[in-house]
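Data file: query_15.cif. Format and content: mmCIF, C-alpha atoms and all ligand atoms.
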data_protein
loop_
_atom_site.label_atom_id
_atom_site.label_comp_id
_atom_site.auth_asym_id
_atom_site.auth_seq_id
_atom_site.Cartn_x
_atom_site.Cartn_y
_atom_site.Cartn_z
CA MET A 1 -29.04 -11.51 13.49
CA ASN A 2 -28.96 -9.98 10.06
CA THR A 3 -32.50 -9.21 8.94
CA ALA A 4 -31.77 -8.60 5.27
CA PRO A 5 -28.71 -10.54 4.20
CA GLN A 6 -29.40 -10.11 0.47
CA GLN A 7 -29.59 -6.35 0.64
CA SER A 8 -26.44 -4.39 -0.11
CA PRO A 9 -24.94 -3.15 3.12
CA THR A 10 -24.49 0.56 3.69
CA LEU A 11 -21.07 0.11 5.22
CA SER A 12 -18.32 -2.38 4.38
CA LEU A 13 -15.21 -2.90 6.45
CA VAL A 14 -12.25 -4.33 4.55
CA VAL A 15 -9.73 -6.10 6.76
CA PRO A 16 -6.48 -7.69 5.54
CA MET A 17 -5.30 -10.51 7.78
CA PHE A 18 -1.95 -12.26 7.60
CA ASN A 19 -1.11 -14.68 10.41
CA GLU A 20 -3.36 -12.94 12.94
CA GLU A 21 -5.18 -15.94 14.46
CA GLU A 22 -5.02 -14.57 18.01
CA THR A 23 -6.45 -11.22 16.97
CA VAL A 24 -9.39 -12.43 14.86
CA PRO A 25 -11.97 -13.04 17.64
CA VAL A 26 -11.09 -9.84 19.50
CA PHE A 27 -11.10 -7.82 16.32
CA TYR A 28 -14.47 -9.25 15.34
CA ARG A 29 -16.04 -8.42 18.70
CA ARG A 30 -14.71 -4.87 18.80
CA ALA A 31 -15.53 -4.19 15.14
CA VAL A 32 -19.11 -5.46 15.39
CA ALA A 33 -19.71 -3.49 18.60
CA ALA A 34 -18.35 -0.34 16.94
CA LEU A 35 -20.25 -0.77 13.66
CA GLU A 36 -23.53 -1.47 15.42
CA THR A 37 -23.44 2.03 16.88
CA THR A 38 -23.87 3.41 13.34
CA GLY A 39 -27.30 1.78 13.09
CA VAL A 40 -26.87 0.89 9.41
CA PRO A 41 -26.51 -2.57 7.81
CA PHE A 42 -22.85 -3.49 7.41
CA GLU A 43 -20.55 -6.28 6.29
CA LEU A 44 -17.04 -7.31 7.26
CA VAL A 45 -14.85 -8.39 4.35
CA PHE A 46 -11.81 -10.23 5.65
CA VAL A 47 -9.00 -11.02 3.26
CA ASP A 48 -6.81 -13.87 4.44
CA ASP A 49 -3.53 -13.10 2.71
CA GLY A 50 -2.20 -16.65 2.62
CA SER A 51 -1.86 -17.04 6.38
CA ARG A 52 0.11 -20.05 7.57
CA ASP A 53 -1.50 -20.19 11.01
CA GLY A 54 -5.12 -20.69 12.02
CA THR A 55 -6.34 -17.33 10.73
CA PHE A 56 -8.59 -18.82 8.06
CA GLU A 57 -10.17 -21.33 10.45
CA ALA A 58 -10.80 -18.53 12.94
CA LEU A 59 -12.42 -16.44 10.21
CA ARG A 60 -14.50 -19.36 9.01
CA SER A 61 -15.83 -20.05 12.46
CA ILE A 62 -17.08 -16.47 12.89
CA ALA A 63 -18.43 -16.42 9.31
CA THR A 64 -20.58 -19.50 9.95
CA GLN A 65 -22.19 -17.74 12.91
CA ASP A 66 -22.56 -14.30 11.38
CA PRO A 67 -23.70 -13.84 7.76
CA ARG A 68 -22.34 -10.30 7.83
CA VAL A 69 -18.84 -11.78 7.83
CA LYS A 70 -17.36 -12.48 4.37
CA VAL A 71 -14.00 -14.05 3.73
CA VAL A 72 -11.67 -14.04 0.75
CA ARG A 73 -8.80 -16.48 1.00
CA PHE A 74 -5.73 -16.03 -1.19
CA SER A 75 -3.80 -18.98 -2.54
CA ARG A 76 -0.59 -17.55 -1.03
CA ASN A 77 0.73 -14.37 0.55
CA PHE A 78 0.30 -11.56 -1.99
CA GLY A 79 1.02 -8.65 0.33
CA HIS A 80 -0.96 -6.12 2.31
CA GLN A 81 -1.74 -3.69 -0.51
CA THR A 82 -2.98 -6.49 -2.73
CA ALA A 83 -5.15 -7.82 0.09
CA VAL A 84 -6.71 -4.38 0.55
CA THR A 85 -7.27 -4.16 -3.21
CA ALA A 86 -9.07 -7.52 -3.22
CA GLY A 87 -11.22 -6.42 -0.31
CA LEU A 88 -12.24 -3.33 -2.27
CA HIS A 89 -13.15 -5.55 -5.23
CA TYR A 90 -15.49 -7.66 -3.13
CA ALA A 91 -16.98 -5.03 -0.81
CA ARG A 92 -20.47 -3.88 -1.77
CA GLY A 93 -21.16 -1.09 0.70
CA ALA A 94 -22.16 2.44 -0.21
CA ALA A 95 -19.23 3.43 1.96
CA VAL A 96 -16.19 1.20 2.34
CA ALA A 97 -13.74 1.49 5.20
CA VAL A 98 -10.26 -0.06 5.16
CA ILE A 99 -8.62 -0.98 8.45
CA ASP A 100 -5.62 -3.01 9.60
CA GLY A 101 -6.54 -6.34 11.18
CA ASP A 102 -4.03 -6.12 14.04
CA LEU A 103 -6.06 -3.58 16.06
CA GLN A 104 -3.46 -0.86 15.55
CA ASP A 105 -6.26 1.10 13.94
CA PRO A 106 -9.03 1.16 16.55
CA PRO A 107 -12.34 -0.11 15.06
CA GLU A 108 -14.10 2.31 17.43
CA PHE A 109 -12.86 5.11 15.18
CA VAL A 110 -14.77 3.83 12.13
CA PRO A 111 -18.13 5.37 13.19
CA ARG A 112 -16.43 8.79 13.29
CA LEU A 113 -15.10 8.26 9.75
CA PHE A 114 -18.58 7.14 8.75
CA GLU A 115 -20.18 10.29 10.22
CA LYS A 116 -17.79 12.45 8.23
CA TRP A 117 -18.65 10.49 5.07
CA ARG A 118 -22.32 11.16 5.79
CA GLU A 119 -21.52 14.87 5.87
CA GLY A 120 -20.62 14.52 2.21
CA TYR A 121 -16.90 13.78 2.03
CA GLU A 122 -16.02 11.05 -0.46
CA VAL A 123 -12.75 10.14 1.23
CA VAL A 124 -12.16 10.46 4.96
CA TYR A 125 -8.69 9.24 5.91
CA ALA A 126 -7.36 8.75 9.39
CA VAL A 127 -4.23 10.70 10.25
CA ARG A 128 -1.90 9.31 12.89
CA ARG A 129 -1.44 11.82 15.66
CA THR A 130 0.70 9.42 17.63
CA ARG A 131 2.30 6.07 17.02
CA LYS A 132 3.33 3.45 19.50
CA GLU A 133 6.30 1.95 17.78
CA HIS A 134 10.07 2.07 18.03
CA ALA A 135 11.52 5.57 17.95
CA LEU A 136 13.65 4.53 14.99
CA LYS A 137 10.69 3.19 13.03
CA ARG A 138 8.69 6.31 13.87
CA ALA A 139 11.50 8.51 12.61
CA ALA A 140 11.75 6.46 9.41
CA TYR A 141 8.01 6.85 8.80
CA ARG A 142 8.23 10.61 9.39
CA VAL A 143 11.07 11.02 6.94
CA PHE A 144 9.40 8.82 4.34
CA TYR A 145 6.06 10.64 4.36
CA ARG A 146 7.76 14.01 4.12
CA LEU A 147 10.04 12.86 1.32
CA LEU A 148 7.13 11.34 -0.57
CA ARG A 149 5.20 14.55 -0.26
CA ARG A 150 8.09 16.57 -1.64
CA LEU A 151 8.69 14.24 -4.56
CA SER A 152 5.23 13.16 -5.55
CA TYR A 153 3.05 14.79 -8.19
CA VAL A 154 -0.13 13.84 -6.35
CA ASP A 155 -1.03 15.38 -3.05
CA ILE A 156 -0.54 12.44 -0.69
CA PRO A 157 -1.48 13.51 2.84
CA LEU A 158 1.12 13.32 5.61
CA ASP A 159 1.00 10.45 8.12
CA ALA A 160 -2.12 8.94 6.60
CA GLY A 161 -2.08 5.22 5.92
CA ASP A 162 -4.72 3.00 4.44
CA PHE A 163 -7.11 3.48 7.37
CA ALA A 164 -9.92 5.43 5.71
CA ILE A 165 -13.49 5.37 4.53
CA MET A 166 -14.32 5.79 0.86
CA ASP A 167 -17.46 6.49 -1.05
CA ARG A 168 -18.74 3.87 -3.52
CA ARG A 169 -17.78 6.17 -6.41
CA VAL A 170 -14.18 6.35 -5.19
CA VAL A 171 -14.04 2.57 -4.71
CA ASP A 172 -15.39 2.04 -8.22
CA GLU A 173 -12.71 4.37 -9.57
CA LEU A 174 -9.98 2.49 -7.69
CA ASN A 175 -11.33 -0.84 -8.90
CA ALA A 176 -11.33 0.42 -12.46
CA MET A 177 -7.67 1.36 -12.33
CA PRO A 178 -5.63 -0.95 -14.50
CA GLU A 179 -2.32 -0.70 -12.69
CA ARG A 180 -0.88 -3.62 -10.81
CA ASN A 181 1.14 -1.46 -8.52
CA ARG A 182 -1.36 -0.85 -5.75
CA PHE A 183 -0.03 1.82 -3.46
CA VAL A 184 -3.52 2.34 -2.09
CA ARG A 185 -2.97 5.68 -0.35
CA GLY A 186 -1.43 6.97 -3.59
CA ILE A 187 -4.26 6.01 -5.95
CA ARG A 188 -6.76 7.10 -3.34
CA ALA A 189 -5.22 10.57 -3.30
CA TRP A 190 -5.00 10.57 -7.09
CA VAL A 191 -8.76 10.10 -7.70
CA GLY A 192 -9.57 13.38 -5.97
CA PHE A 193 -13.14 14.18 -4.87
CA ARG A 194 -13.65 15.83 -1.48
CA GLN A 195 -11.09 14.41 0.92
CA VAL A 196 -10.55 15.18 4.56
CA GLY A 197 -8.35 13.84 7.36
CA LEU A 198 -9.35 12.98 10.93
CA GLU A 199 -6.71 12.54 13.62
CA TYR A 200 -6.44 9.41 15.71
CA ASP A 201 -3.94 7.73 18.00
CA ARG A 202 -2.36 4.62 16.60
CA GLU A 203 -2.34 1.75 19.06
CA PRO A 204 0.33 -0.87 19.58
CA ARG A 205 -0.28 -4.25 17.97
CA PHE A 206 -2.75 -6.48 19.83
CA ALA A 207 -0.76 -9.68 19.30
CA GLY A 208 2.04 -11.07 17.21
CA GLU A 209 4.67 -9.18 15.31
CA SER A 210 4.57 -6.66 12.51
CA LYS A 211 4.18 -8.43 9.17
CA TYR A 212 6.15 -5.65 7.56
CA PRO A 213 9.82 -6.48 7.83
CA LEU A 214 12.24 -3.80 6.67
CA SER A 215 12.40 -5.35 3.18
CA LYS A 216 8.63 -5.05 2.67
CA LEU A 217 8.61 -1.51 4.07
CA LEU A 218 11.41 -0.54 1.69
CA LYS A 219 9.48 -2.03 -1.22
CA LEU A 220 6.42 -0.01 -0.21
CA ALA A 221 8.55 3.13 0.00
CA TYR A 222 10.11 2.47 -3.43
CA ASP A 223 6.69 1.77 -4.93
CA GLY A 224 5.36 4.99 -3.45
CA VAL A 225 8.17 7.14 -4.77
CA ILE A 226 8.68 5.50 -8.17
CA SER A 227 4.97 5.27 -8.99
CA TYR A 228 4.11 8.80 -8.00
CA SER A 229 7.19 10.75 -8.94
CA PHE A 230 9.47 11.44 -11.89
CA VAL A 231 11.90 13.32 -9.68
CA PRO A 232 14.46 10.47 -9.50
CA LEU A 233 14.66 10.37 -13.30
CA ARG A 234 15.01 14.12 -13.50
CA MET A 235 17.74 14.01 -10.87
CA VAL A 236 19.72 11.68 -13.12
CA THR A 237 19.35 14.09 -16.02
CA HIS A 238 20.45 17.03 -13.89
CA LEU A 239 23.40 15.09 -12.56
CA GLY A 240 24.44 14.29 -16.12
CA PHE A 241 24.25 17.96 -17.02
CA VAL A 242 26.29 19.10 -14.06
CA ILE A 243 29.01 16.50 -14.62
CA SER A 244 29.24 17.18 -18.35
CA LEU A 245 29.49 20.93 -17.76
CA THR A 246 32.17 20.42 -15.15
CA ALA A 247 34.12 18.18 -17.49
CA PHE A 248 33.80 20.71 -20.30
CA ALA A 249 35.03 23.56 -18.12
CA LEU A 250 37.92 21.43 -16.93
CA VAL A 251 38.94 20.63 -20.51
CA LEU A 252 38.91 24.34 -21.45
CA TYR A 253 40.97 25.15 -18.37
CA LEU A 254 43.57 22.48 -19.07
CA VAL A 255 43.88 23.35 -22.75
CA ALA A 256 44.28 27.02 -21.86
CA LEU A 257 47.00 26.20 -19.35
CA ARG A 258 48.77 24.18 -21.98
CA ILE A 259 48.59 26.86 -24.68
CA LEU A 260 49.34 29.88 -22.51
CA TYR A 261 51.99 28.48 -20.24
CA GLY A 262 53.01 25.27 -21.94
CA GLU A 263 52.27 23.55 -18.67
CA ARG A 264 51.61 19.86 -18.51
CA LEU A 265 48.99 18.32 -16.30
CA ILE A 266 50.51 17.15 -13.08
CA THR A 267 50.39 13.40 -13.46
CA GLY A 268 48.58 11.55 -10.74
CA TRP A 269 47.24 8.02 -10.43
CA THR A 270 45.04 8.81 -7.45
CA SER A 271 43.12 11.64 -9.03
CA THR A 272 42.48 9.57 -12.16
CA VAL A 273 41.18 6.62 -10.18
CA VAL A 274 38.97 8.85 -8.05
CA VAL A 275 37.39 10.36 -11.16
CA ILE A 276 36.80 6.96 -12.72
CA LEU A 277 35.25 5.53 -9.57
CA PHE A 278 33.11 8.62 -9.08
CA LEU A 279 31.74 8.47 -12.60
CA GLY A 280 31.31 4.70 -12.44
CA GLY A 281 29.30 5.09 -9.25
CA ILE A 282 27.08 7.76 -10.73
CA GLN A 283 26.46 5.66 -13.82
CA LEU A 284 25.48 2.57 -11.86
CA LEU A 285 23.22 4.64 -9.65
CA SER A 286 21.54 6.17 -12.70
CA LEU A 287 21.13 2.75 -14.29
CA GLY A 288 19.58 1.52 -11.06
CA ILE A 289 17.06 4.36 -11.01
CA LEU A 290 16.19 3.71 -14.66
CA GLY A 291 15.91 0.02 -13.85
CA GLU A 292 13.38 0.70 -11.10
CA TYR A 293 11.08 2.27 -13.65
CA VAL A 294 11.77 -0.29 -16.37
CA GLY A 295 11.15 -3.16 -13.95
CA ARG A 296 7.79 -1.71 -13.07
CA ILE A 297 6.91 -1.36 -16.73
CA PHE A 298 7.80 -5.03 -17.20
CA ASP A 299 5.61 -5.96 -14.27
CA GLU A 300 2.70 -3.94 -15.64
CA VAL A 301 2.86 -5.26 -19.21
CA LYS A 302 2.75 -8.90 -18.14
CA ARG A 303 -0.90 -8.37 -17.25
CA ARG A 304 -1.03 -11.16 -14.77
CA PRO A 305 -3.97 -11.14 -12.38
CA LEU A 306 -3.20 -9.30 -9.17
CA TYR A 307 -3.99 -12.20 -6.91
CA VAL A 308 -5.35 -15.73 -6.90
CA VAL A 309 -8.33 -16.61 -4.72
CA ARG A 310 -8.38 -20.04 -3.16
CA GLU A 311 -11.89 -19.84 -1.73
CA THR A 312 -14.46 -17.39 -0.49
CA ILE A 313 -17.14 -17.50 2.19
CA GLY A 314 -20.42 -15.66 1.81
CA LEU A 315 -19.40 -13.85 -1.37
CA GLU A 316 -20.55 -13.77 -4.96
CA PRO A 317 -17.60 -13.99 -7.34
CA ALA A 318 -16.41 -10.41 -7.75
CA ALA A 319 -16.78 -8.93 -11.19
CA ALA A 320 -13.24 -7.71 -10.97
CA LYS A 321 -11.04 -8.31 -13.95
CA TRP A 322 -7.91 -8.59 -11.82
CA ARG A 323 -9.08 -11.66 -10.02
CA THR A 324 -8.86 -15.29 -10.98
CA GLU A 325 -10.94 -17.68 -8.97
CA LEU A 326 -9.59 -21.18 -8.63
CA SER A 327 -12.16 -23.70 -9.76
CA GLU A 328 -13.73 -25.81 -7.04
CA GLU A 329 -11.95 -29.00 -6.33
CA ALA A 330 -13.91 -31.75 -8.08
CA PRO A 331 -15.79 -34.03 -5.62
CA ALA A 332 -14.03 -37.05 -7.13
CA VAL A 333 -10.65 -35.51 -6.43
CA ARG A 334 -11.64 -34.69 -2.90
CA ALA A 335 -12.94 -38.21 -2.34
CA ALA A 336 -9.76 -39.74 -3.71
CA ARG A 337 -7.80 -37.69 -1.21
CA GLY A 338 -10.01 -39.01 1.55
CA ALA A 339 -10.97 -35.49 2.57
N1 LIG B 1 -0.85 -7.86 6.20
C1 LIG B 1 -1.27 -8.61 5.09
N2 LIG B 1 -0.31 -9.14 4.27
C2 LIG B 1 1.03 -8.93 4.46
C3 LIG B 1 1.43 -8.15 5.57
C4 LIG B 1 0.46 -7.62 6.41
O1 LIG B 1 -2.46 -8.81 4.87
O2 LIG B 1 1.83 -9.44 3.68
C5 LIG B 1 -1.89 -7.30 7.10
C6 LIG B 1 -1.65 -7.59 8.57
O3 LIG B 1 -2.27 -8.78 8.97
C7 LIG B 1 -2.29 -6.38 9.24
C8 LIG B 1 -2.09 -5.28 8.22
O4 LIG B 1 -1.86 -5.90 6.96
O5 LIG B 1 -3.67 -6.57 9.42
C9 LIG B 1 -0.93 -4.36 8.57
O6 LIG B 1 0.24 -5.12 8.71
P1 LIG B 1 1.26 -4.91 9.91
O7 LIG B 1 0.54 -4.65 11.16
O8 LIG B 1 2.19 -6.07 9.91
O9 LIG B 1 2.03 -3.62 9.43
P2 LIG B 1 2.54 -2.42 10.37
O10 LIG B 1 1.36 -1.99 11.18
O11 LIG B 1 3.64 -2.97 11.19
O12 LIG B 1 2.98 -1.38 9.40
MG MG B 2 0.29 -3.16 12.32
#
Let me see whether you can do it: turn the structure in this file into C-alpha cells.
Amino acid sequence: MNTAPQQSPTLSLVVPMFNEEETVPVFYRRAVAALETTGVPFELVFVDDGSRDGTFEALRSIATQDPRVKVVRFSRNFGHQTAVTAGLHYARGAAVAVIDGDLQDPPEFVPRLFEKWREGYEVVYAVRRTRKEHALKRAAYRVFYRLLRRLSYVDIPLDAGDFAIMDRRVVDELNAMPERNRFVRGIRAWVGFRQVGLEYDREPRFAGESKYPLSKLLKLAYDGVISYSFVPLRMVTHLGFVISLTAFALVLYLVALRILYGERLITGWTSTVVVILFLGGIQLLSLGILGEYVGRIFDEVKRRPLYVVRETIGLEPAAAKWRTELSEEAPAVRAARGA
C-alpha cells in the first residue's frame, strides 16, 4: 500500500487512545479515507495511554496490515495531554495534526485543516461551533474557556481544544519545551507564528464513555489557569491589602471613639468569632493558591521523564529527552515465563 515507507510523511495524525477498543477499527477506516483525499504520504501515530481493554491489540492488528500505522504504548495511564505530547515527539510529518481518538473530532475535517496549513498558516486549530454533550458540561466548558481567556497572559483561543494541525517548526518548538505541565492548547498558543481557527461541529462519542471524569477535567482547568496566569497570586495580594486597610481604618475609628467620647467597644462574642473565621478562611485560601504554584514547582524540579514507553510498533526510538524507553524483555526471561 505504502510505496515509500522510509520517506518522511508529509502529514502525521497523532491520536491518543485510552480504552477505545470498539472505536479503533472505525476510526482507522474513517481517518485513512479522509487522509487519502489529501493525496500526500501520511502516517497515523496512535498513543495507547495504558489502556486496560483490547485497544493495544486492536492497534497492533491494524499496524501489521498497514505500515503507515505507528503505535506508542505507555506503561500505564499517563493522561491525555501526556499522550498527545508523546505523539508529537514521535510524529515525523511536515505537518502534524492532533485529534481525539473517540471520533468526537471528525477525521473528515483534517483535510480542511491541512489545506489551511498549505496556505501558509503554522497553526490551524479547530473551533467548536457546537457540542453534543450535557447542557451542564457545555456550560462548564463555556465558563472555563472564558475565564481562562480573562486570566491568562497568553492569547488562548475560545472553544478550541487540541484538535489542530501544526507546522513542523511549531512541533519542534513544543518538543523543545522543558516543562512537564503539558497543557497543549496553552503552549501551542504561546509559541505564536501565524495561527487561525476553523469552525467545526463536535460529534458525540462513537462508543464508550468520556475518559475525563470531573476530577481530571478540574485538574486540566487548574493546570490551564495556574500555568498561564499569575492573576490568582495577585488576587491574594490585593485581598491582603484590602483587609489590612480595612483593619487599619477600623482601629483608627475605634481609638477615636474612645478618645473623643470615652466609649467602649460594644462587647460581642459573635462579631469576634465571625472576624476570626473570615480571616482564617482567607488565609487558608491564600495558602492553597500559593500551594498550587509551589506544588507545580516541585513537580517541575523533579525532572522525571514525562512518560514511560512499554513498546512501540513501526517507530524509531524518538530523540526526545522526556522519554524513557523500557529495555526489551530479554529472550531468556520471556522463555522462562513460557511466553
Ligand atoms: N484519553 C487518553 N488518556 C486519558 C483520557 C483520555 O489518551 O487519560 C484520550 C481518549 O481516548 C480520547 C481523547 O483522549 O481519544 C479525549 O478523551 P475523552 O473523549 O474521554 O474526553 P472528552 O471528549 O470527554 O473531553
Ligand atoms: Mg471525547
Check every protein, DNA and RNA residue against ligand MG 2 (chain B), keep those with an atom at most 7 Å away (counting only C-alpha atoms and all ligand atoms), and present them as a list of chain:residue names.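 Counting only C-alpha atoms and all ligand atoms, the residues within 7 Å of ligand MG 2 (chain B) come out as A:Asp100, A:Asp102, A:Gln104, A:Arg205, A:Ser210.
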To box ligand LIG 1 (chain B), take all atoms listed in the file, fit an axis-aligned box, add 6 Å on each side, and give centre and edge lengths in Å to one decimal, as AutoDock Vina command-line options.
--center_x 0.0 --center_y -5.4 --center_z 7.4 --size_x 19.3 --size_y 20.1 --size_z 19.5
For ligand LIG 1 (chain B), list the contacting residues at 8 Å or closer, counting all atoms listed in the file, as an mmCIF file with C-alpha atoms, in the frame of the given file.
data_model
loop_
_atom_site.group_PDB
_atom_site.id
_atom_site.type_symbol
_atom_site.label_atom_id
_atom_site.label_comp_id
_atom_site.auth_asym_id
_atom_site.auth_seq_id
_atom_site.Cartn_x
_atom_site.Cartn_y
_atom_site.Cartn_z
ATOM 1 C CA VAL A 15 -9.730 -6.100 6.760
ATOM 2 C CA PRO A 16 -6.480 -7.690 5.540
ATOM 3 C CA MET A 17 -5.300 -10.510 7.780
ATOM 4 C CA PHE A 18 -1.950 -12.260 7.600
ATOM 5 C CA ASN A 19 -1.110 -14.680 10.410
ATOM 6 C CA GLU A 20 -3.360 -12.940 12.940
ATOM 7 C CA VAL A 47 -9.000 -11.020 3.260
ATOM 8 C CA ASP A 48 -6.810 -13.870 4.440
ATOM 9 C CA ASP A 49 -3.530 -13.100 2.710
ATOM 10 C CA GLY A 50 -2.200 -16.650 2.620
ATOM 11 C CA ASN A 77 0.730 -14.370 0.550
ATOM 12 C CA PHE A 78 0.300 -11.560 -1.990
ATOM 13 C CA GLY A 79 1.020 -8.650 0.330
ATOM 14 C CA HIS A 80 -0.960 -6.120 2.310
ATOM 15 C CA GLN A 81 -1.740 -3.690 -0.510
ATOM 16 C CA THR A 82 -2.980 -6.490 -2.730
ATOM 17 C CA ALA A 83 -5.150 -7.820 0.090
ATOM 18 C CA VAL A 84 -6.710 -4.380 0.550
ATOM 19 C CA ILE A 99 -8.620 -0.980 8.450
ATOM 20 C CA ASP A 100 -5.620 -3.010 9.600
ATOM 21 C CA GLY A 101 -6.540 -6.340 11.180
ATOM 22 C CA ASP A 102 -4.030 -6.120 14.040
ATOM 23 C CA LEU A 103 -6.060 -3.580 16.060
ATOM 24 C CA GLN A 104 -3.460 -0.860 15.550
ATOM 25 C CA ARG A 205 -0.280 -4.250 17.970
ATOM 26 C CA GLU A 209 4.670 -9.180 15.310
ATOM 27 C CA SER A 210 4.570 -6.660 12.510
ATOM 28 C CA LYS A 211 4.180 -8.430 9.170
ATOM 29 C CA TYR A 212 6.150 -5.650 7.560
ATOM 30 C CA PRO A 213 9.820 -6.480 7.830
ATOM 31 C CA LEU A 217 8.610 -1.510 4.070
#
Fewer than 5 positions away in the same chain doesn't count, so skip those; otherwise give me all residues within 9 Å of region 147-152 of chain A, counting all atoms listed in the file, as a ChimeraX atom specification. /A:142,157-158,221,224-232
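Distance annotation: of A:Phe109, A:Trp117, A:Phe74, A:Tyr125, the residue with the minimal separation from Phe163 (chain A) is A:Tyr125; atom set is all atoms listed in the file.
From CA of Met235 (chain A) back to CA of Val154 (chain A), the distance works out to 18.4 Å.
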Counting all atoms listed in the file, figure out which residue out of A:Gly280, A:Ala164, A:Leu254, A:Glu108 gets nearest to Glu203 (chain A). A:Glu108
Two-atom distance - CA of Val196 (chain A), CA of Arg169 (chain A) (Å):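 So the answer is 15.9 Å.
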Calculate how many Å separate CA of Ala160 (chain A) from CA of Val127 (chain A), rounding to one decimal.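 Between CA of Ala160 (chain A) and CA of Val127 (chain A) the gap works out to 4.6 Å.
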Using all atoms listed in the file, determine which residues lie at most 9 Å from region 31-38 of chain A, disregarding the query and same-chain residues fewer than 5 positions distant; provide the list as a PyMOL selection string. chain A and resi 11+13+26+44+106-111+114-115
Give me the residues within 8 Å of Thr130 (chain A) as a PDB file with C-alpha atoms, in the coordinates of the input, counting only C-alpha atoms and dropping any in the same chain fewer than 6 places off.
ATOM      1  CA  TYR A 200      -6.440   9.410  15.710  1.00  0.00           C
ATOM      2  CA  ASP A 201      -3.940   7.730  18.000  1.00  0.00           C
ATOM      3  CA  ARG A 202      -2.360   4.620  16.600  1.00  0.00           C
TER       4      ARG A 202
END
Between A:Val242, A:Ala95, A:Ile62, A:Ile297, which residue has the minimum interatomic distance to Ile313 (chain A), considering only C-alpha atoms?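 Ranking A:Val242, A:Ala95, A:Ile62, A:Ile297 by distance to Ile313 (chain A), first place goes to A:Ile62.
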